[in-house]
Amino acid sequence: MKNKIFLIIFFSALISNNLFGQSAPANTTTNTPAASQPGVEQKRETSTYYNDPFSEIDTSEDEEYEESLDRFYAFGRMLHLSLYGQFLNIRGPMADIYKSGAMGGFRISYFIDWDVAFIFGFSLGSMSVSIPNVNPVTSGIVNPITGSATIANIELGLKYYINFYDISKPIAYINPAILAGVELSIIRDQIDQEILTLLKNYSITNPAHRSVAPGLFAGMSLEFPIFRKSIYLGGEFMYHFSFFPSTNPVVLSTDPHFGWINYSGNYMTFGLYLTWNL
């Protein structure tokens, strides 16, 4: 009986040792969940960090940027240098003093967008001076004042090309644009020497007018591309609202011959220009 009990206990211990006492083999995949979970690895490949050098990269944004850059270099503008030749027409009371003349100058246009540019320009011109003596008593005695005048203009403003961006439309060929800004106008008279000699006989001092006045300008232009769009031929019309003082400190209002003179007024310029697209 004791031998049977001993055999039962012995075999029970042996069986339990085989089932529960044997150590399990090392699991090499416990620390690498990505190997047992394919979804994690797939997510890593499509991650925006692009850790995998063989992963697919979305290049649509880069292609759009390159296309827009190519379009700008093909049709856009960066810097323009323009040379002008213009006619000068005087308006207002000063038209009784100054006659029409001519101006020439240059302008630099720096583009901040496809169709908008900052402009800086300088113009220099001349016009004739002819001031009649309207006094009926001395009109045959005191000669009219004649001479010439130099006018200079410094401008700063904006130039906007209408519908320039859509180059597929016919309006882009003539390149219409509007201009506006502020300016500084300078006028300096030079009276003929023989007239000054005659005026001294009547105790009239040199009536030469010198004035510096701020102003505003506005206008429009058309440009036609030539020479593969590197050079443009343009036409421009501009109106200048200048705030010249009405009086000349040298000529008193009580002067019986020329006291009526009024130097206030505006002027217009219109002409042609050549532009280099730098």
# chains A, B, ... in the order shown; residues from 1 in each chain; ligands from 1

$ select_by_dssp --residues "range 50-209 of chain A" --states "strand (DSSP E)" --output "ChimeraX atom specification"
/A:79-91,98-111,116-131,145-161,177-191

$ write_last_selection --atoms "C-alpha atoms" --output "PDB file, in the first residue's frame"
ATOM      1  CA  LEU A  79      12.761  96.389 -63.201  1.00  0.00           C
ATOM      2  CA  HIS A  80      12.049  98.873 -65.989  1.00  0.00           C
ATOM      3  CA  LEU A  81      14.167 101.757 -67.212  1.00  0.00           C
ATOM      4  CA  SER A  82      12.293 104.234 -69.402  1.00  0.00           C
ATOM      5  CA  LEU A  83      13.498 107.220 -71.446  1.00  0.00           C
ATOM      6  CA  TYR A  84      10.934 109.917 -72.263  1.00  0.00           C
ATOM      7  CA  GLY A  85      10.311 112.626 -74.819  1.00  0.00           C
ATOM      8  CA  GLN A  86       7.221 114.767 -74.061  1.00  0.00           C
ATOM      9  CA  PHE A  87       5.357 117.861 -75.067  1.00  0.00           C
ATOM     10  CA  LEU A  88       4.515 120.336 -72.329  1.00  0.00           C
ATOM     11  CA  ASN A  89       1.231 122.243 -72.283  1.00  0.00           C
ATOM     12  CA  ILE A  90       0.516 124.933 -69.670  1.00  0.00           C
ATOM     13  CA  ARG A  91      -2.959 125.312 -68.173  1.00  0.00           C
ATOM     14  CA  TYR A  98       4.543 130.502 -70.221  1.00  0.00           C
ATOM     15  CA  LYS A  99       4.057 128.971 -73.639  1.00  0.00           C
ATOM     16  CA  SER A 100       4.159 125.320 -74.621  1.00  0.00           C
ATOM     17  CA  GLY A 101       7.513 123.550 -74.542  1.00  0.00           C
ATOM     18  CA  ALA A 102       9.155 120.154 -74.400  1.00  0.00           C
ATOM     19  CA  MET A 103      10.541 117.857 -71.715  1.00  0.00           C
ATOM     20  CA  GLY A 104      12.782 114.824 -71.557  1.00  0.00           C
ATOM     21  CA  GLY A 105      13.676 112.494 -68.742  1.00  0.00           C
ATOM     22  CA  PHE A 106      13.839 109.011 -67.351  1.00  0.00           C
ATOM     23  CA  ARG A 107      11.823 106.776 -65.030  1.00  0.00           C
ATOM     24  CA  ILE A 108      12.647 103.670 -63.015  1.00  0.00           C
ATOM     25  CA  SER A 109       9.863 101.184 -62.257  1.00  0.00           C
ATOM     26  CA  TYR A 110      10.398  98.551 -59.575  1.00  0.00           C
ATOM     27  CA  PHE A 111       7.715  95.857 -59.570  1.00  0.00           C
ATOM     28  CA  VAL A 116       2.079  96.944 -59.626  1.00  0.00           C
ATOM     29  CA  ALA A 117       5.312  98.943 -59.574  1.00  0.00           C
ATOM     30  CA  PHE A 118       6.881 101.772 -57.612  1.00  0.00           C
ATOM     31  CA  ILE A 119       8.019 104.528 -59.971  1.00  0.00           C
ATOM     32  CA  PHE A 120      10.650 107.222 -59.603  1.00  0.00           C
ATOM     33  CA  GLY A 121      11.238 109.725 -62.363  1.00  0.00           C
ATOM     34  CA  PHE A 122      13.036 112.917 -63.254  1.00  0.00           C
ATOM     35  CA  SER A 123      12.228 115.238 -66.147  1.00  0.00           C
ATOM     36  CA  LEU A 124      13.795 118.440 -67.396  1.00  0.00           C
ATOM     37  CA  GLY A 125      12.332 120.798 -69.971  1.00  0.00           C
ATOM     38  CA  SER A 126      12.136 124.313 -71.307  1.00  0.00           C
ATOM     39  CA  MET A 127       9.430 126.708 -72.412  1.00  0.00           C
ATOM     40  CA  SER A 128       9.255 130.276 -73.626  1.00  0.00           C
ATOM     41  CA  VAL A 129       8.292 133.293 -71.504  1.00  0.00           C
ATOM     42  CA  SER A 130       6.095 136.007 -73.006  1.00  0.00           C
ATOM     43  CA  ILE A 131       4.429 138.495 -70.662  1.00  0.00           C
ATOM     44  CA  ILE A 145       8.838 140.622 -71.072  1.00  0.00           C
ATOM     45  CA  THR A 146      10.332 137.789 -73.084  1.00  0.00           C
ATOM     46  CA  GLY A 147      12.748 135.020 -72.297  1.00  0.00           C
ATOM     47  CA  SER A 148      12.815 131.340 -71.500  1.00  0.00           C
ATOM     48  CA  ALA A 149      12.094 129.158 -68.498  1.00  0.00           C
ATOM     49  CA  THR A 150      13.492 125.868 -67.264  1.00  0.00           C
ATOM     50  CA  ILE A 151      11.149 123.405 -65.607  1.00  0.00           C
ATOM     51  CA  ALA A 152      12.222 120.339 -63.643  1.00  0.00           C
ATOM     52  CA  ASN A 153      10.023 117.615 -62.246  1.00  0.00           C
ATOM     53  CA  ILE A 154      10.737 114.884 -59.682  1.00  0.00           C
ATOM     54  CA  GLU A 155       8.029 112.261 -59.268  1.00  0.00           C
ATOM     55  CA  LEU A 156       7.329 109.341 -56.965  1.00  0.00           C
ATOM     56  CA  GLY A 157       4.272 107.121 -57.309  1.00  0.00           C
ATOM     57  CA  LEU A 158       2.675 103.855 -58.413  1.00  0.00           C
ATOM     58  CA  LYS A 159       2.010 102.312 -61.802  1.00  0.00           C
ATOM     59  CA  TYR A 160      -0.723  99.707 -62.198  1.00  0.00           C
ATOM     60  CA  TYR A 161      -1.065  97.536 -65.303  1.00  0.00           C
ATOM     61  CA  ALA A 177      -1.627 101.186 -67.241  1.00  0.00           C
ATOM     62  CA  ILE A 178      -2.605 103.996 -64.907  1.00  0.00           C
ATOM     63  CA  LEU A 179      -0.181 106.137 -62.911  1.00  0.00           C
ATOM     64  CA  ALA A 180      -0.570 108.359 -59.867  1.00  0.00           C
ATOM     65  CA  GLY A 181       1.642 109.885 -57.228  1.00  0.00           C
ATOM     66  CA  VAL A 182       3.273 112.989 -55.793  1.00  0.00           C
ATOM     67  CA  GLU A 183       5.841 115.275 -57.380  1.00  0.00           C
ATOM     68  CA  LEU A 184       7.976 118.359 -56.942  1.00  0.00           C
ATOM     69  CA  SER A 185       8.063 120.953 -59.714  1.00  0.00           C
ATOM     70  CA  ILE A 186      10.696 123.675 -60.102  1.00  0.00           C
ATOM     71  CA  ILE A 187      10.472 126.658 -62.477  1.00  0.00           C
ATOM     72  CA  ARG A 188      13.247 129.141 -63.109  1.00  0.00           C
ATOM     73  CA  ASP A 189      12.916 132.052 -65.544  1.00  0.00           C
ATOM     74  CA  GLN A 190      15.643 133.711 -67.566  1.00  0.00           C
ATOM     75  CA  ILE A 191      14.655 137.047 -69.050  1.00  0.00           C
TER      76      ILE A 191
END

$ residues_around --residues "Phe227 in chain A" --least-positions-apart "5" --cutoff "12 Å" --atoms "only C-alpha atoms" --output "NGL selection string"
:A and (232-233 or 274-277)

$ residues_around --residues "range 245-253 of chain A" --least-positions-apart "4" --cutoff "8 Å" --atoms "only C-alpha atoms" --output "PyMOL selection string"
chain A and resi 205-209+211+213+258-264

$ closest_residue --among "A:Pro144, A:Ile231, A:Ala95, A:Gly76" --to "Ile112 in chain A" --atoms "only C-alpha atoms"
A:Gly76

$ atom_distance --atom1 "CA of Pro93 in chain A" --atom2 "CA of Asn143 in chain A"
20.7 Å

$ select_by_dssp --residues "range 187-269 of chain A" --states "alpha helix (DSSP H)" --output "list of chain:residue names"
A:Gln193, A:Glu194, A:Ile195, A:Leu196, A:Thr197, A:Leu198, A:Leu199, A:Lys200

$ write_last_selection --atoms "N, CA and C atoms" --output "short mmCIF file (atom, residue, chain, number, x, y, z; two decimals), in the first residue's frame"
data_model
loop_
_atom_site.label_atom_id
_atom_site.label_comp_id
_atom_site.auth_asym_id
_atom_site.auth_seq_id
_atom_site.Cartn_x
_atom_site.Cartn_y
_atom_site.Cartn_z
N GLN A 193 18.35 139.59 -72.03
CA GLN A 193 19.17 140.68 -71.50
C GLN A 193 18.74 142.04 -72.06
N GLU A 194 18.38 142.09 -73.33
CA GLU A 194 17.98 143.38 -73.90
C GLU A 194 16.67 143.90 -73.29
N ILE A 195 15.82 142.96 -72.89
CA ILE A 195 14.57 143.37 -72.23
C ILE A 195 14.88 143.94 -70.85
N LEU A 196 15.82 143.30 -70.13
CA LEU A 196 16.20 143.82 -68.82
C LEU A 196 16.78 145.22 -68.92
N THR A 197 17.53 145.48 -69.96
CA THR A 197 18.11 146.81 -70.15
C THR A 197 17.01 147.86 -70.37
N LEU A 198 16.00 147.50 -71.16
CA LEU A 198 14.89 148.43 -71.40
C LEU A 198 14.04 148.63 -70.15
N LEU A 199 13.85 147.57 -69.37
CA LEU A 199 13.03 147.69 -68.17
C LEU A 199 13.68 148.57 -67.11
N LYS A 200 15.01 148.63 -67.11
CA LYS A 200 15.70 149.48 -66.13
C LYS A 200 15.39 150.96 -66.38
#

$ atom_distance --atom1 "CA of Phe217 in chain A" --atom2 "CA of Met94 in chain A"
17.8 Å

$ decode --residues "range 111-125 of chain A" --atoms "all heavy atoms" --output "compact mmCIF listing (two decimals), in the first residue's frame"
# COMPACT_ATOMS: atom_id res chain seq x y z
N PHE A 111 8.97 96.58 -59.72
CA PHE A 111 7.72 95.86 -59.57
C PHE A 111 7.69 95.10 -58.25
O PHE A 111 8.62 94.36 -57.90
CB PHE A 111 7.52 94.88 -60.73
CG PHE A 111 7.12 95.56 -62.00
CD1 PHE A 111 8.07 96.18 -62.81
CD2 PHE A 111 5.80 95.60 -62.39
CE1 PHE A 111 7.70 96.83 -63.97
CE2 PHE A 111 5.42 96.24 -63.55
CZ PHE A 111 6.37 96.86 -64.34
N ILE A 112 6.58 95.28 -57.53
CA ILE A 112 6.36 94.56 -56.28
C ILE A 112 5.34 93.44 -56.46
O ILE A 112 5.09 92.68 -55.52
CB ILE A 112 5.88 95.52 -55.18
CG1 ILE A 112 4.60 96.26 -55.60
CG2 ILE A 112 6.97 96.53 -54.85
CD1 ILE A 112 4.02 97.16 -54.53
N ASP A 113 4.77 93.33 -57.63
CA ASP A 113 3.83 92.27 -57.96
C ASP A 113 3.80 92.14 -59.47
O ASP A 113 4.52 92.83 -60.19
CB ASP A 113 2.44 92.59 -57.40
CG ASP A 113 1.57 91.35 -57.22
OD1 ASP A 113 1.97 90.29 -57.75
OD2 ASP A 113 0.51 91.43 -56.59
N TRP A 114 2.93 91.26 -59.97
CA TRP A 114 2.82 91.07 -61.41
C TRP A 114 2.48 92.37 -62.12
O TRP A 114 2.97 92.65 -63.21
CB TRP A 114 1.73 90.04 -61.71
CG TRP A 114 2.19 88.63 -61.59
CD1 TRP A 114 2.21 87.87 -60.46
CD2 TRP A 114 2.68 87.79 -62.64
NE1 TRP A 114 2.69 86.61 -60.74
CE2 TRP A 114 2.99 86.53 -62.07
CE3 TRP A 114 2.90 87.98 -64.00
CZ2 TRP A 114 3.50 85.47 -62.81
CZ3 TRP A 114 3.40 86.92 -64.73
CH2 TRP A 114 3.70 85.68 -64.15
N ASP A 115 1.64 93.19 -61.53
CA ASP A 115 1.09 94.33 -62.25
C ASP A 115 1.20 95.65 -61.50
O ASP A 115 0.59 96.64 -61.90
CB ASP A 115 -0.39 94.08 -62.59
CG ASP A 115 -1.17 93.59 -61.38
OD1 ASP A 115 -0.61 93.56 -60.26
OD2 ASP A 115 -2.34 93.20 -61.54
N VAL A 116 1.94 95.72 -60.41
CA VAL A 116 2.08 96.94 -59.63
C VAL A 116 3.56 97.27 -59.46
O VAL A 116 4.36 96.39 -59.15
CB VAL A 116 1.42 96.82 -58.24
CG1 VAL A 116 1.58 98.12 -57.45
CG2 VAL A 116 -0.06 96.48 -58.39
N ALA A 117 3.91 98.54 -59.67
CA ALA A 117 5.31 98.94 -59.57
C ALA A 117 5.42 100.30 -58.90
O ALA A 117 4.57 101.18 -59.07
CB ALA A 117 5.96 99.01 -60.95
N PHE A 118 6.48 100.46 -58.10
CA PHE A 118 6.88 101.77 -57.61
C PHE A 118 7.62 102.48 -58.74
O PHE A 118 8.43 101.88 -59.45
CB PHE A 118 7.81 101.66 -56.40
CG PHE A 118 7.09 101.35 -55.12
CD1 PHE A 118 7.39 100.19 -54.42
CD2 PHE A 118 6.14 102.22 -54.60
CE1 PHE A 118 6.74 99.90 -53.24
CE2 PHE A 118 5.48 101.93 -53.42
CZ PHE A 118 5.79 100.76 -52.74
N ILE A 119 7.35 103.77 -58.91
CA ILE A 119 8.02 104.53 -59.97
C ILE A 119 8.73 105.75 -59.38
O ILE A 119 8.25 106.39 -58.45
CB ILE A 119 7.03 104.97 -61.07
CG1 ILE A 119 5.90 105.83 -60.49
CG2 ILE A 119 6.46 103.78 -61.80
CD1 ILE A 119 4.97 106.41 -61.54
N PHE A 120 9.89 106.02 -59.93
CA PHE A 120 10.65 107.22 -59.60
C PHE A 120 11.14 107.82 -60.91
O PHE A 120 11.72 107.11 -61.75
CB PHE A 120 11.84 106.91 -58.70
CG PHE A 120 12.79 108.06 -58.54
CD1 PHE A 120 12.48 109.10 -57.67
CD2 PHE A 120 13.96 108.13 -59.28
CE1 PHE A 120 13.34 110.19 -57.53
CE2 PHE A 120 14.82 109.21 -59.14
CZ PHE A 120 14.51 110.24 -58.25
N GLY A 121 10.88 109.11 -61.10
CA GLY A 121 11.24 109.73 -62.36
C GLY A 121 11.77 111.13 -62.20
O GLY A 121 11.51 111.82 -61.20
N PHE A 122 12.51 111.55 -63.21
CA PHE A 122 13.04 112.92 -63.25
C PHE A 122 12.91 113.42 -64.68
O PHE A 122 13.28 112.70 -65.64
CB PHE A 122 14.49 112.96 -62.81
CG PHE A 122 15.12 114.32 -62.95
CD1 PHE A 122 14.86 115.32 -62.02
CD2 PHE A 122 15.94 114.61 -64.03
CE1 PHE A 122 15.43 116.57 -62.15
CE2 PHE A 122 16.51 115.87 -64.18
CZ PHE A 122 16.25 116.85 -63.22
N SER A 123 12.40 114.64 -64.82
CA SER A 123 12.23 115.24 -66.15
C SER A 123 12.76 116.67 -66.12
O SER A 123 12.68 117.36 -65.09
CB SER A 123 10.75 115.24 -66.57
OG SER A 123 10.24 113.93 -66.62
N LEU A 124 13.26 117.09 -67.26
CA LEU A 124 13.79 118.44 -67.40
C LEU A 124 13.34 118.98 -68.74
O LEU A 124 13.44 118.28 -69.76
CB LEU A 124 15.32 118.43 -67.31
CG LEU A 124 16.02 119.79 -67.31
CD1 LEU A 124 15.66 120.58 -66.06
CD2 LEU A 124 17.53 119.61 -67.41
N GLY A 125 12.84 120.22 -68.74
CA GLY A 125 12.33 120.80 -69.97
C GLY A 125 12.50 122.30 -70.03
O GLY A 125 13.02 122.93 -69.08
